[in-house]
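Just structure.cif here, mmCIF, C-alpha atoms:
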data_entry
#
loop_
_atom_site.label_atom_id
_atom_site.label_comp_id
_atom_site.auth_asym_id
_atom_site.auth_seq_id
_atom_site.Cartn_x
_atom_site.Cartn_y
_atom_site.Cartn_z
CA MET L 1 -5.49 6.13 29.06
CA PRO L 2 -5.32 8.75 26.30
CA GLU L 3 -2.96 6.50 24.38
CA LYS L 4 -5.50 3.69 24.51
CA ILE L 5 -8.17 5.98 23.09
CA VAL L 6 -5.85 7.14 20.32
CA LEU L 7 -4.91 3.57 19.50
CA THR L 8 -8.55 2.48 19.34
CA LEU L 9 -9.39 5.44 17.14
CA LEU L 10 -6.48 4.73 14.77
CA ALA L 11 -7.31 1.03 14.62
CA SER L 12 -10.94 1.71 13.72
CA PHE L 13 -9.84 4.22 11.08
CA LEU L 14 -7.47 1.62 9.66
CA MET L 15 -10.08 -1.14 9.47
CA VAL L 16 -12.92 1.02 8.14
CA GLY L 17 -10.63 2.58 5.53
CA ALA L 18 -9.27 -0.76 4.38
CA LEU L 19 -12.76 -2.25 4.10
CA THR L 20 -13.86 0.82 2.15
CA VAL L 21 -11.01 0.34 -0.31
CA VAL L 22 -11.92 -3.28 -0.89
CA VAL L 23 -15.70 -3.00 -0.95
CA ALA L 24 -16.31 0.42 -2.53
CA ARG L 25 -17.84 0.41 -5.99
CA ARG L 26 -16.65 3.85 -7.02
CA PRO L 27 -12.85 4.24 -7.13
CA ALA L 28 -13.07 7.78 -5.70
CA THR L 29 -14.68 6.43 -2.51
CA GLY L 30 -11.96 3.82 -2.31
CA ALA L 31 -9.32 6.53 -2.66
CA ILE L 32 -10.76 8.33 0.37
CA GLY L 33 -10.60 5.09 2.35
CA PHE L 34 -7.02 4.66 1.15
CA LEU L 35 -6.21 8.12 2.51
CA ALA L 36 -7.71 7.13 5.88
CA VAL L 37 -5.57 3.96 5.95
CA LEU L 38 -2.35 5.84 5.21
CA LEU L 39 -3.11 8.46 7.86
CA ALA L 40 -3.87 5.73 10.41
CA VAL L 41 -0.60 3.96 9.60
CA ALA L 42 1.22 7.25 10.08
CA GLY L 43 -0.47 7.64 13.47
CA LEU L 44 0.57 4.12 14.45
CA PHE L 45 4.15 5.00 13.51
CA ALA L 46 3.88 7.97 15.85
CA LEU L 47 2.60 5.71 18.64
CA LEU L 48 5.64 3.50 18.07
CA ALA L 49 7.89 6.52 18.69
CA GLN L 50 9.10 6.44 15.07
CA SER L 51 8.93 10.16 14.50
CA PHE L 52 10.88 10.19 11.25
CA LEU L 53 8.80 7.39 9.76
CA PHE L 54 5.68 9.33 10.72
CA LEU L 55 7.06 12.36 8.89
CA ALA L 56 8.06 10.35 5.82
CA GLN L 57 4.70 8.58 5.70
CA ILE L 58 2.82 11.87 5.86
CA LEU L 59 5.05 13.52 3.27
CA VAL L 60 5.43 10.73 0.74
CA SER L 61 2.36 8.52 1.07
CA VAL L 62 -0.29 11.02 2.05
CA GLY L 63 1.22 13.99 0.25
CA ALA L 64 2.31 12.36 -2.97
CA VAL L 65 0.81 8.92 -3.52
CA VAL L 66 -2.77 9.69 -2.48
CA VAL L 67 -2.80 12.98 -4.36
CA LEU L 68 -1.50 11.24 -7.49
CA THR L 69 -4.10 8.50 -7.10
CA LEU L 70 -6.91 10.99 -6.62
CA ILE L 71 -5.79 13.01 -9.64
CA VAL L 72 -5.78 9.92 -11.85
CA VAL L 73 -9.13 8.66 -10.52
CA LEU L 74 -10.80 12.01 -10.98
CA THR L 75 -9.21 12.61 -14.38
CA ILE L 76 -10.37 9.30 -15.80
CA ASN L 77 -13.80 9.98 -14.27
CA LEU L 78 -15.49 6.65 -14.84
CA LYS L 79 -19.18 6.59 -15.61
CA GLU L 80 -21.49 4.15 -13.92
CA GLU L 81 -21.72 1.91 -16.99
CA GLN L 82 -17.96 1.78 -17.39
CA PHE L 83 -17.39 -0.04 -14.11
CA PRO L 84 -16.29 -3.63 -14.58
CA LYS L 85 -19.18 -6.05 -14.31
CA GLU L 86 -18.43 -8.08 -11.22
CA ARG L 87 -21.25 -10.57 -11.25
CA PHE L 88 -19.53 -13.05 -8.94
CA LYS L 89 -18.14 -10.50 -6.51
CA PRO L 90 -19.68 -12.00 -3.32
CA LEU L 91 -18.49 -15.44 -4.36
CA TRP L 92 -14.98 -14.13 -4.89
CA PHE L 93 -15.07 -12.39 -1.53
CA VAL L 94 -16.02 -15.63 0.19
CA THR L 95 -13.31 -17.58 -1.65
CA ALA L 96 -10.58 -15.06 -0.88
CA SER L 97 -11.66 -14.90 2.76
CA ILE L 98 -11.41 -18.69 3.00
CA VAL L 99 -7.91 -18.52 1.51
CA THR L 100 -6.86 -15.96 4.13
CA ALA L 101 -8.60 -17.80 7.00
CA PRO L 102 -5.32 -19.31 8.32
CA PHE L 103 -4.21 -15.76 8.99
CA GLY L 104 -7.30 -15.35 11.15
CA TRP L 105 -6.14 -18.26 13.28
CA LEU L 106 -2.73 -16.61 13.49
CA LEU L 107 -4.47 -13.42 14.56
CA TYR L 108 -6.32 -15.29 17.30
CA GLU L 109 -3.13 -16.91 18.53
CA THR L 110 -1.44 -13.52 18.56
CA LEU L 111 -4.18 -11.90 20.54
CA VAL L 112 -4.53 -14.58 23.22
CA SER L 113 -0.80 -15.04 23.72
CA VAL L 114 0.96 -13.46 26.66
CA ALA L 115 1.18 -9.72 26.19
CA ASN L 116 4.77 -8.66 26.44
CA ARG L 117 5.59 -5.02 26.65
CA PHE L 118 7.67 -2.70 24.57
CA PRO L 119 10.94 -1.72 26.21
CA GLU L 120 11.34 1.85 27.24
CA ALA L 121 12.19 4.04 24.27
CA LYS L 122 15.71 5.31 24.53
CA GLU L 123 16.41 8.99 24.21
CA GLY L 124 16.43 9.90 20.54
CA PHE L 125 14.84 6.70 19.25
CA GLY L 126 13.34 7.11 15.80
CA THR L 127 14.46 10.66 15.28
CA ILE L 128 15.91 11.91 12.03
CA GLU L 129 19.38 11.78 13.53
CA ALA L 130 19.16 8.13 14.62
CA VAL L 131 17.57 6.95 11.36
CA GLY L 132 20.02 9.00 9.30
CA LYS L 133 23.04 7.62 11.12
CA THR L 134 21.93 4.05 10.55
CA LEU L 135 20.91 4.81 6.97
CA PHE L 136 24.22 6.32 5.98
CA SER L 137 26.42 3.87 7.85
CA ASP L 138 24.91 0.42 7.40
CA TRP L 139 22.41 0.94 4.59
CA VAL L 140 24.21 3.14 2.09
CA LEU L 141 24.11 0.65 -0.77
CA PRO L 142 20.34 -0.02 -0.56
CA PHE L 143 19.82 3.72 -0.35
CA GLU L 144 21.78 4.31 -3.55
CA ILE L 145 20.00 1.43 -5.28
CA LEU L 146 16.71 3.02 -4.24
CA SER L 147 17.73 6.29 -5.87
CA LEU L 148 18.47 4.38 -9.09
CA LEU L 149 15.09 2.66 -8.80
CA LEU L 150 13.33 5.99 -8.41
CA LEU L 151 15.12 7.35 -11.47
CA ALA L 152 14.17 4.27 -13.48
CA ALA L 153 10.56 4.55 -12.32
CA MET L 154 10.44 8.21 -13.30
CA VAL L 155 11.83 7.53 -16.79
CA GLY L 156 9.53 4.54 -17.14
CA ALA L 157 6.46 6.51 -16.13
CA ILE L 158 7.30 9.23 -18.67
CA ILE L 159 7.85 6.70 -21.46
CA ILE L 160 4.72 4.70 -20.64
CA GLY L 161 2.66 7.87 -20.47
CA LYS L 162 3.74 9.09 -23.89
CA LYS L 163 1.56 9.02 -26.97
CA GLU L 164 1.36 6.08 -29.31
CA GLN L 165 4.01 6.88 -31.91
CA ALA L 166 6.73 7.08 -29.29
CA TYR L 167 6.51 3.30 -28.95
CA ASP L 168 7.89 2.60 -32.42
CA LEU L 169 11.57 2.20 -31.80
CA ARG L 170 12.39 1.69 -35.52
CA THR L 171 11.83 5.30 -36.47
CA MET X 1 4.48 2.50 27.09
CA ILE X 2 1.26 0.68 27.72
CA PHE X 3 0.61 -1.01 24.39
CA ALA X 4 1.36 -4.60 23.64
CA PRO X 5 3.19 -5.35 20.38
CA GLU X 6 0.51 -7.92 19.62
CA THR X 7 -1.97 -5.17 18.91
CA PHE X 8 0.20 -3.81 16.15
CA PHE X 9 0.87 -7.26 14.70
CA ALA X 10 -2.85 -7.99 14.73
CA LEU X 11 -3.61 -4.72 12.95
CA ALA X 12 -0.92 -5.42 10.34
CA THR X 13 -2.20 -8.97 9.77
CA SER X 14 -5.76 -7.75 9.30
CA LEU X 15 -4.60 -5.05 6.91
CA PHE X 16 -2.58 -7.55 4.87
CA CYS X 17 -5.50 -9.98 4.69
CA ILE X 18 -7.94 -7.28 3.62
CA GLY X 19 -5.48 -6.20 0.93
CA PHE X 20 -5.13 -9.77 -0.30
CA VAL X 21 -8.90 -10.17 -0.47
CA GLY X 22 -9.07 -6.97 -2.51
CA VAL X 23 -6.42 -8.13 -4.96
CA ALA X 24 -8.00 -11.54 -5.34
CA SER X 25 -11.66 -10.60 -5.65
CA ARG X 26 -12.00 -7.30 -7.51
CA ARG X 27 -11.67 -6.54 -11.22
CA ASN X 28 -11.30 -2.78 -11.08
CA VAL X 29 -7.61 -1.98 -11.57
CA PHE X 30 -7.79 1.00 -9.20
CA VAL X 31 -8.98 -1.27 -6.40
CA ILE X 32 -6.24 -3.78 -7.19
CA TYR X 33 -3.62 -1.04 -7.06
CA MET X 34 -4.87 0.35 -3.75
CA SER X 35 -5.05 -3.15 -2.25
CA ILE X 36 -1.41 -3.78 -3.18
CA GLU X 37 -0.54 -0.53 -1.40
CA LEU X 38 -2.48 -1.73 1.65
CA MET X 39 -0.38 -4.89 1.78
CA LEU X 40 2.86 -2.91 1.49
CA ASN X 41 1.77 -0.62 4.31
CA ALA X 42 0.99 -3.65 6.50
CA VAL X 43 4.55 -4.86 5.99
CA ASN X 44 5.83 -1.39 6.86
CA LEU X 45 3.86 -1.46 10.10
CA VAL X 46 5.39 -4.83 11.07
CA LEU X 47 8.89 -3.52 10.32
CA ALA X 48 8.36 -0.44 12.49
CA THR X 49 6.97 -2.55 15.33
CA PHE X 50 9.94 -4.91 15.30
CA SER X 51 12.30 -1.97 15.18
CA ARG X 52 10.62 -0.58 18.29
CA LEU X 53 10.53 -3.98 20.00
CA ARG X 54 14.24 -4.66 19.92
CA PRO X 55 15.60 -1.13 19.90
CA ASP X 56 17.42 -1.08 16.61
CA MET X 57 17.01 1.42 13.82
CA GLY X 58 17.49 -1.15 11.03
CA GLY X 59 13.79 -1.88 10.78
CA SER X 60 12.88 1.79 10.50
CA VAL X 61 15.48 2.21 7.77
CA ILE X 62 14.02 -0.67 5.78
CA ALA X 63 10.55 0.80 6.25
CA LEU X 64 11.85 4.13 5.02
CA LEU X 65 13.36 2.55 1.90
CA MET X 66 10.06 0.72 1.46
CA ILE X 67 8.18 4.04 1.40
CA GLY X 68 10.42 5.05 -1.52
CA VAL X 69 9.66 1.79 -3.31
CA ILE X 70 5.93 2.41 -2.72
CA ALA X 71 6.25 5.85 -4.32
CA ALA X 72 8.05 4.43 -7.37
CA GLU X 73 5.46 1.70 -7.72
CA ALA X 74 2.60 4.20 -7.49
CA ALA X 75 4.09 6.33 -10.27
CA LEU X 76 4.56 3.36 -12.60
CA PHE X 77 1.23 1.72 -11.85
CA LEU X 78 -0.76 4.92 -12.38
CA ALA X 79 1.06 5.62 -15.65
CA MET X 80 0.18 2.11 -16.79
CA ILE X 81 -3.47 2.56 -15.79
CA VAL X 82 -3.72 5.85 -17.69
CA GLN X 83 -2.10 4.40 -20.81
CA LEU X 84 -4.26 1.28 -20.78
CA TYR X 85 -7.40 3.35 -20.23
CA ARG X 86 -6.40 5.47 -23.20
CA LYS X 87 -6.10 2.38 -25.38
CA LYS X 88 -9.03 0.28 -24.14
CA ARG X 89 -11.47 2.83 -22.61
CA SER X 90 -11.86 0.49 -19.64
CA VAL X 91 -10.44 -0.21 -16.21
CA ASP X 92 -11.55 -3.83 -16.16
CA SER X 93 -8.54 -6.02 -15.48
CA ASP X 94 -9.87 -8.61 -17.93
CA ALA X 95 -9.64 -6.08 -20.75
CA PHE X 96 -5.89 -6.02 -20.23
CA ALA X 97 -5.33 -9.76 -20.63
CA ASP X 98 -3.78 -8.84 -23.89
CA LEU X 99 -0.26 -10.20 -23.90
CA ALA X 100 -1.70 -13.70 -24.16
CA HIS X 101 -2.68 -13.30 -27.81
CA ARG X 102 -0.50 -10.47 -28.97
CA ARG X 103 1.26 -10.79 -32.32
CA TRP X 104 4.70 -9.38 -32.07
CA SER X 105 5.48 -7.89 -35.45
#
Serialized structure, structure tokens:
Amino acid sequence: MPEKIVLTLLASFLMVGALTVVVARRPATGAIGFLAVLLAVAGLFALLAQSFLFLAQILVSVGAVVVLTLIVVLTINLKEEQFPKERFKPLWFVTASIVTAPFGWLLYETLVSVANRFPEAKEGFGTIEAVGKTLFSDWVLPFEILSLLLLAAMVGAIIIGKKEQAYDLRT
Amino acid sequence: MIFAPETFFALATSLFCIGFVGVASRRNVFVIYMSIELMLNAVNLVLATFSRLRPDMGGSVIALLMIGVIAAEAALFLAMIVQLYRKKRSVDSDAFADLAHRRWS
């Protein structure tokens, strides 16, 4: 039973946070909802016995991405009159919901279908050792490509964030 | 283990749909960025569930690599937002529709 309560709690956190992100008018409120979503996803990873993913989600997403987002949102510090004028926002919501309606049918089908169970978690499933062994035996090349991607993103972020005159490559 | 995998798939589907609605219907670039992150996290959740369902660490490894991609994307996107705000004094996504009539000198 406690697992059911935890799952319900995490699911409600997930949904409320996601709706806050989408609906909120102030970006700072949305960032708090975003934090709730990432924490709930980390909790769902823990329920799935993926302990290393839980750790990585907490460290990277909650510790780095949300903090970066909050810093940028609070640094820019939009005033009320600087928000984009979204006159047709309800209309757009309705249209986008209609576009995603087939997914609702899929959701219904998923929920009414026969509930199969997860197999018993083997000893050491999802630990750092298991993930690391798979990562460095079968997935070495994607891992190295990811490190290159991170380097490129870092250099790109520095260059994009520079002042104006740095753009002129002719000088 | 008392949960059904369907619960996790349903949660991931809802999260993805909400993220899509956010991308499609808002004009604030912060909201668009956070909605894209919601969609990526939904995919991560599906990967972790499949990895748990047929005990195989491949799915967790892809989800782990995905977390790295999310971090890289966040750094780039936020740098772009800051730079564009510095130029335009706005976070309206319509203010950035600028490449359409840019003169390349």
**Polymer residues at most 10 Å from Val43 of chain X, all atoms listed in the file, same-chain spacing of 2 or more positions, as number ranges by chain** = X: 9, 12-13, 15-16, 37-41, 45-49, 63, 66
Result set of the PyMOL selection byres ((chain X and resi 23) around 9) on the coordinates above, as a ChimeraX atom specification: /L:22 /X:18-22,24-27,31-36
Exercise. Extract, using all atoms listed in the file, all DNA, RNA and protein residues at most 12 Å from Trp105 of chain L, discarding same-chain residues fewer than 5 positions from it, and format them as JSON, numbers by chain.
Key: {"L": [98, 99, 100, 110, 111, 112], "X": [10, 13, 14, 17]}
Item to complete: Check which residues satisfy the PyMOL selection byres ((chain L and resi 146-149) around 12) in the file shown, then give them as a VMD selection string.
Response: (chain L and resid 139 to 145 150 to 157) or (chain X and resid 62 64 to 73 75 to 76)
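Taken over the whole file, the PyMOL selection byres ((chain L and resi 15) around 10) covers exactly Leu10, Ala11, Ser12, Phe13, Leu14, Val16, Gly17, Ala18, Leu19, Thr20, Val21, Gly33, Ala36, Val37 and Ala40 of chain L; Leu11, Ser14, Leu15 and Ile18 of chain X.
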Residues within 10 Å of Asp94 of chain X, all atoms listed in the file, excluding chain neighbours under 2 positions, as a PDB file with C-alpha atoms, in the coordinates of the input:
ATOM      1  CA  PRO L  84     -16.290  -3.630 -14.580  1.00  0.00           C
TER       2      PRO L  84
ATOM      3  CA  ARG X  27     -11.670  -6.540 -11.220  1.00  0.00           C
ATOM      4  CA  ASN X  28     -11.300  -2.780 -11.080  1.00  0.00           C
ATOM      5  CA  VAL X  29      -7.610  -1.980 -11.570  1.00  0.00           C
ATOM      6  CA  SER X  90     -11.860   0.490 -19.640  1.00  0.00           C
ATOM      7  CA  VAL X  91     -10.440  -0.210 -16.210  1.00  0.00           C
ATOM      8  CA  ASP X  92     -11.550  -3.830 -16.160  1.00  0.00           C
ATOM      9  CA  PHE X  96      -5.890  -6.020 -20.230  1.00  0.00           C
ATOM     10  CA  ALA X  97      -5.330  -9.760 -20.630  1.00  0.00           C
ATOM     11  CA  ASP X  98      -3.780  -8.840 -23.890  1.00  0.00           C
TER      12      ASP X  98
END
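Take atom CA of Ala31 of chain L and atom CA of Phe8 of chain X: the distance between them is 23.5 Å.
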Kindly indicate which residue among X:Phe30, X:Ser60, X:Ala42, X:Pro5 lies nearest to Ser51 of chain L, using all atoms listed in the file for the distances.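 Closest to Ser51 of chain L, using all atoms listed in the file: X:Ser60.
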Minimum-distance residue to chain X, chosen among L:Leu55, L:Glu123, L:Phe45, L:Arg87 (using all atoms listed in the file):
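Ranked by minimum distance to chain X, first place goes to L:Phe45.
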**Study point:** Selected residue, from L:Phe136, L:Trp92, L:Phe54, L:Tyr108, that lies nearest to chain X when counting all atoms listed in the file
**Key:**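 Using all atoms listed in the file, the shortest distance to chain X belongs to L:Trp92.
Here the question is which of L:Ser137, L:Asn116, L:Thr75, L:Thr29 gets nearest to chain X using all atoms listed in the file, and that residue is L:Asn116.
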Judged by all atoms listed in the file, the minimum distance to chain X among L:Thr8, L:Ser97, L:Asn77, L:Thr127 is found for L:Ser97
Between X:Ala4, X:Phe77, X:Ser51, X:Arg89, smallest distance to chain L by all atoms listed in the file belongs to X:Ala4
List the residues sitting within 9 Å of (-2.0, 8.9, 0.7) in the file's frame, using only C-alpha atoms, as a CSV table (one decimal) with C-alpha atoms, in the coordinates of the input.
chain,number,residue,atom,x,y,z
L,31,ALA,CA,-9.3,6.5,-2.7
L,32,ILE,CA,-10.8,8.3,0.4
L,34,PHE,CA,-7.0,4.7,1.2
L,35,LEU,CA,-6.2,8.1,2.5
L,36,ALA,CA,-7.7,7.1,5.9
L,37,VAL,CA,-5.6,4.0,6.0
L,38,LEU,CA,-2.4,5.8,5.2
L,39,LEU,CA,-3.1,8.5,7.9
L,57,GLN,CA,4.7,8.6,5.7
L,58,ILE,CA,2.8,11.9,5.9
L,59,LEU,CA,5.0,13.5,3.3
L,60,VAL,CA,5.4,10.7,0.7
L,61,SER,CA,2.4,8.5,1.1
L,62,VAL,CA,-0.3,11.0,2.0
L,63,GLY,CA,1.2,14.0,0.2
L,64,ALA,CA,2.3,12.4,-3.0
L,65,VAL,CA,0.8,8.9,-3.5
L,66,VAL,CA,-2.8,9.7,-2.5
L,67,VAL,CA,-2.8,13.0,-4.4
L,68,LEU,CA,-1.5,11.2,-7.5
L,69,THR,CA,-4.1,8.5,-7.1
Expressed in Å, the length from atom CA of Gln50 of chain L to atom CA of Glu109 of chain L is 26.6 Å
Could segment 41-76 of chain X be completed with N, CA and C atoms and returned as a PDB file, in the frame of the given file?
ATOM      1  N   ASN X  41       1.810  -1.391   3.072  1.00  0.00           N
ATOM      2  CA  ASN X  41       1.770  -0.620   4.310  1.00  0.00           C
ATOM      3  C   ASN X  41       1.685  -1.532   5.525  1.00  0.00           C
ATOM      4  N   ALA X  42       1.022  -2.691   5.392  1.00  0.00           N
ATOM      5  CA  ALA X  42       0.990  -3.650   6.500  1.00  0.00           C
ATOM      6  C   ALA X  42       2.395  -4.127   6.825  1.00  0.00           C
ATOM      7  N   VAL X  43       3.173  -4.421   5.771  1.00  0.00           N
ATOM      8  CA  VAL X  43       4.550  -4.860   5.990  1.00  0.00           C
ATOM      9  C   VAL X  43       5.364  -3.758   6.661  1.00  0.00           C
ATOM     10  N   ASN X  44       5.142  -2.528   6.256  1.00  0.00           N
ATOM     11  CA  ASN X  44       5.830  -1.390   6.860  1.00  0.00           C
ATOM     12  C   ASN X  44       5.533  -1.307   8.355  1.00  0.00           C
ATOM     13  N   LEU X  45       4.270  -1.537   8.689  1.00  0.00           N
ATOM     14  CA  LEU X  45       3.860  -1.460  10.100  1.00  0.00           C
ATOM     15  C   LEU X  45       4.581  -2.536  10.916  1.00  0.00           C
ATOM     16  N   VAL X  46       4.680  -3.752  10.359  1.00  0.00           N
ATOM     17  CA  VAL X  46       5.390  -4.830  11.070  1.00  0.00           C
ATOM     18  C   VAL X  46       6.859  -4.456  11.262  1.00  0.00           C
ATOM     19  N   LEU X  47       7.471  -3.902  10.222  1.00  0.00           N
ATOM     20  CA  LEU X  47       8.890  -3.520  10.320  1.00  0.00           C
ATOM     21  C   LEU X  47       9.089  -2.481  11.417  1.00  0.00           C
ATOM     22  N   ALA X  48       8.207  -1.488  11.462  1.00  0.00           N
ATOM     23  CA  ALA X  48       8.360  -0.440  12.490  1.00  0.00           C
ATOM     24  C   ALA X  48       8.157  -1.014  13.877  1.00  0.00           C
ATOM     25  N   THR X  49       7.204  -1.965  14.017  1.00  0.00           N
ATOM     26  CA  THR X  49       6.970  -2.550  15.330  1.00  0.00           C
ATOM     27  C   THR X  49       8.180  -3.356  15.808  1.00  0.00           C
ATOM     28  N   PHE X  50       8.758  -4.145  14.901  1.00  0.00           N
ATOM     29  CA  PHE X  50       9.940  -4.910  15.300  1.00  0.00           C
ATOM     30  C   PHE X  50      11.095  -3.993  15.650  1.00  0.00           C
ATOM     31  N   SER X  51      11.225  -2.916  14.893  1.00  0.00           N
ATOM     32  CA  SER X  51      12.300  -1.970  15.180  1.00  0.00           C
ATOM     33  C   SER X  51      12.131  -1.349  16.561  1.00  0.00           C
ATOM     34  N   ARG X  52      10.877  -1.138  16.964  1.00  0.00           N
ATOM     35  CA  ARG X  52      10.620  -0.580  18.290  1.00  0.00           C
ATOM     36  C   ARG X  52      10.822  -1.637  19.364  1.00  0.00           C
ATOM     37  N   LEU X  53      10.540  -2.896  19.001  1.00  0.00           N
ATOM     38  CA  LEU X  53      10.530  -3.980  20.000  1.00  0.00           C
ATOM     39  C   LEU X  53      11.941  -4.325  20.463  1.00  0.00           C
ATOM     40  N   ARG X  54      12.839  -4.487  19.508  1.00  0.00           N
ATOM     41  CA  ARG X  54      14.240  -4.660  19.920  1.00  0.00           C
ATOM     42  C   ARG X  54      14.960  -3.412  19.456  1.00  0.00           C
ATOM     43  N   PRO X  55      15.221  -2.472  20.346  1.00  0.00           N
ATOM     44  CA  PRO X  55      15.600  -1.130  19.900  1.00  0.00           C
ATOM     45  C   PRO X  55      16.775  -1.166  18.947  1.00  0.00           C
ATOM     46  N   ASP X  56      16.455  -0.956  17.683  1.00  0.00           N
ATOM     47  CA  ASP X  56      17.420  -1.080  16.610  1.00  0.00           C
ATOM     48  C   ASP X  56      16.833  -0.339  15.423  1.00  0.00           C
ATOM     49  N   MET X  57      17.598   0.576  14.854  1.00  0.00           N
ATOM     50  CA  MET X  57      17.010   1.420  13.820  1.00  0.00           C
ATOM     51  C   MET X  57      16.943   0.751  12.459  1.00  0.00           C
ATOM     52  N   GLY X  58      17.486  -0.478  12.340  1.00  0.00           N
ATOM     53  CA  GLY X  58      17.490  -1.150  11.030  1.00  0.00           C
ATOM     54  C   GLY X  58      16.094  -1.287  10.445  1.00  0.00           C
ATOM     55  N   GLY X  59      15.141  -1.695  11.278  1.00  0.00           N
ATOM     56  CA  GLY X  59      13.790  -1.880  10.780  1.00  0.00           C
ATOM     57  C   GLY X  59      13.185  -0.592  10.268  1.00  0.00           C
ATOM     58  N   SER X  60      13.421   0.505  10.981  1.00  0.00           N
ATOM     59  CA  SER X  60      12.880   1.790  10.500  1.00  0.00           C
ATOM     60  C   SER X  60      13.498   2.174   9.179  1.00  0.00           C
ATOM     61  N   VAL X  61      14.827   1.844   9.028  1.00  0.00           N
ATOM     62  CA  VAL X  61      15.480   2.210   7.770  1.00  0.00           C
ATOM     63  C   VAL X  61      14.882   1.425   6.623  1.00  0.00           C
ATOM     64  N   ILE X  62      14.632   0.115   6.865  1.00  0.00           N
ATOM     65  CA  ILE X  62      14.020  -0.670   5.780  1.00  0.00           C
ATOM     66  C   ILE X  62      12.636  -0.130   5.467  1.00  0.00           C
ATOM     67  N   ALA X  63      11.882   0.243   6.501  1.00  0.00           N
ATOM     68  CA  ALA X  63      10.550   0.800   6.250  1.00  0.00           C
ATOM     69  C   ALA X  63      10.643   2.101   5.458  1.00  0.00           C
ATOM     70  N   LEU X  64      11.661   2.878   5.756  1.00  0.00           N
ATOM     71  CA  LEU X  64      11.850   4.130   5.020  1.00  0.00           C
ATOM     72  C   LEU X  64      12.151   3.870   3.548  1.00  0.00           C
ATOM     73  N   LEU X  65      13.060   2.898   3.297  1.00  0.00           N
ATOM     74  CA  LEU X  65      13.360   2.550   1.900  1.00  0.00           C
ATOM     75  C   LEU X  65      12.107   2.031   1.204  1.00  0.00           C
ATOM     76  N   MET X  66      11.300   1.283   1.993  1.00  0.00           N
ATOM     77  CA  MET X  66      10.060   0.720   1.460  1.00  0.00           C
ATOM     78  C   MET X  66       9.104   1.824   1.021  1.00  0.00           C
ATOM     79  N   ILE X  67       9.059   2.926   1.785  1.00  0.00           N
ATOM     80  CA  ILE X  67       8.180   4.040   1.400  1.00  0.00           C
ATOM     81  C   ILE X  67       8.612   4.577   0.040  1.00  0.00           C
ATOM     82  N   GLY X  68       9.947   4.628  -0.196  1.00  0.00           N
ATOM     83  CA  GLY X  68      10.420   5.050  -1.520  1.00  0.00           C
ATOM     84  C   GLY X  68       9.997   4.094  -2.612  1.00  0.00           C
ATOM     85  N   VAL X  69      10.085   2.780  -2.310  1.00  0.00           N
ATOM     86  CA  VAL X  69       9.660   1.790  -3.310  1.00  0.00           C
ATOM     87  C   VAL X  69       8.167   1.946  -3.597  1.00  0.00           C
ATOM     88  N   ILE X  70       7.371   2.214  -2.538  1.00  0.00           N
ATOM     89  CA  ILE X  70       5.930   2.410  -2.720  1.00  0.00           C
ATOM     90  C   ILE X  70       5.665   3.594  -3.655  1.00  0.00           C
ATOM     91  N   ALA X  71       6.446   4.677  -3.466  1.00  0.00           N
ATOM     92  CA  ALA X  71       6.250   5.850  -4.320  1.00  0.00           C
ATOM     93  C   ALA X  71       6.562   5.525  -5.769  1.00  0.00           C
ATOM     94  N   ALA X  72       7.686   4.800  -6.001  1.00  0.00           N
ATOM     95  CA  ALA X  72       8.050   4.430  -7.370  1.00  0.00           C
ATOM     96  C   ALA X  72       6.974   3.563  -8.001  1.00  0.00           C
ATOM     97  N   GLU X  73       6.479   2.605  -7.213  1.00  0.00           N
ATOM     98  CA  GLU X  73       5.460   1.700  -7.720  1.00  0.00           C
ATOM     99  C   GLU X  73       4.177   2.454  -8.072  1.00  0.00           C
ATOM    100  N   ALA X  74       3.824   3.418  -7.223  1.00  0.00           N
ATOM    101  CA  ALA X  74       2.600   4.200  -7.490  1.00  0.00           C
ATOM    102  C   ALA X  74       2.732   4.952  -8.811  1.00  0.00           C
ATOM    103  N   ALA X  75       3.910   5.575  -9.031  1.00  0.00           N
ATOM    104  CA  ALA X  75       4.090   6.330 -10.270  1.00  0.00           C
ATOM    105  C   ALA X  75       3.953   5.423 -11.486  1.00  0.00           C
ATOM    106  N   LEU X  76       4.618   4.256 -11.440  1.00  0.00           N
ATOM    107  CA  LEU X  76       4.560   3.360 -12.600  1.00  0.00           C
ATOM    108  C   LEU X  76       3.158   2.804 -12.815  1.00  0.00           C
TER     109      LEU X  76
END
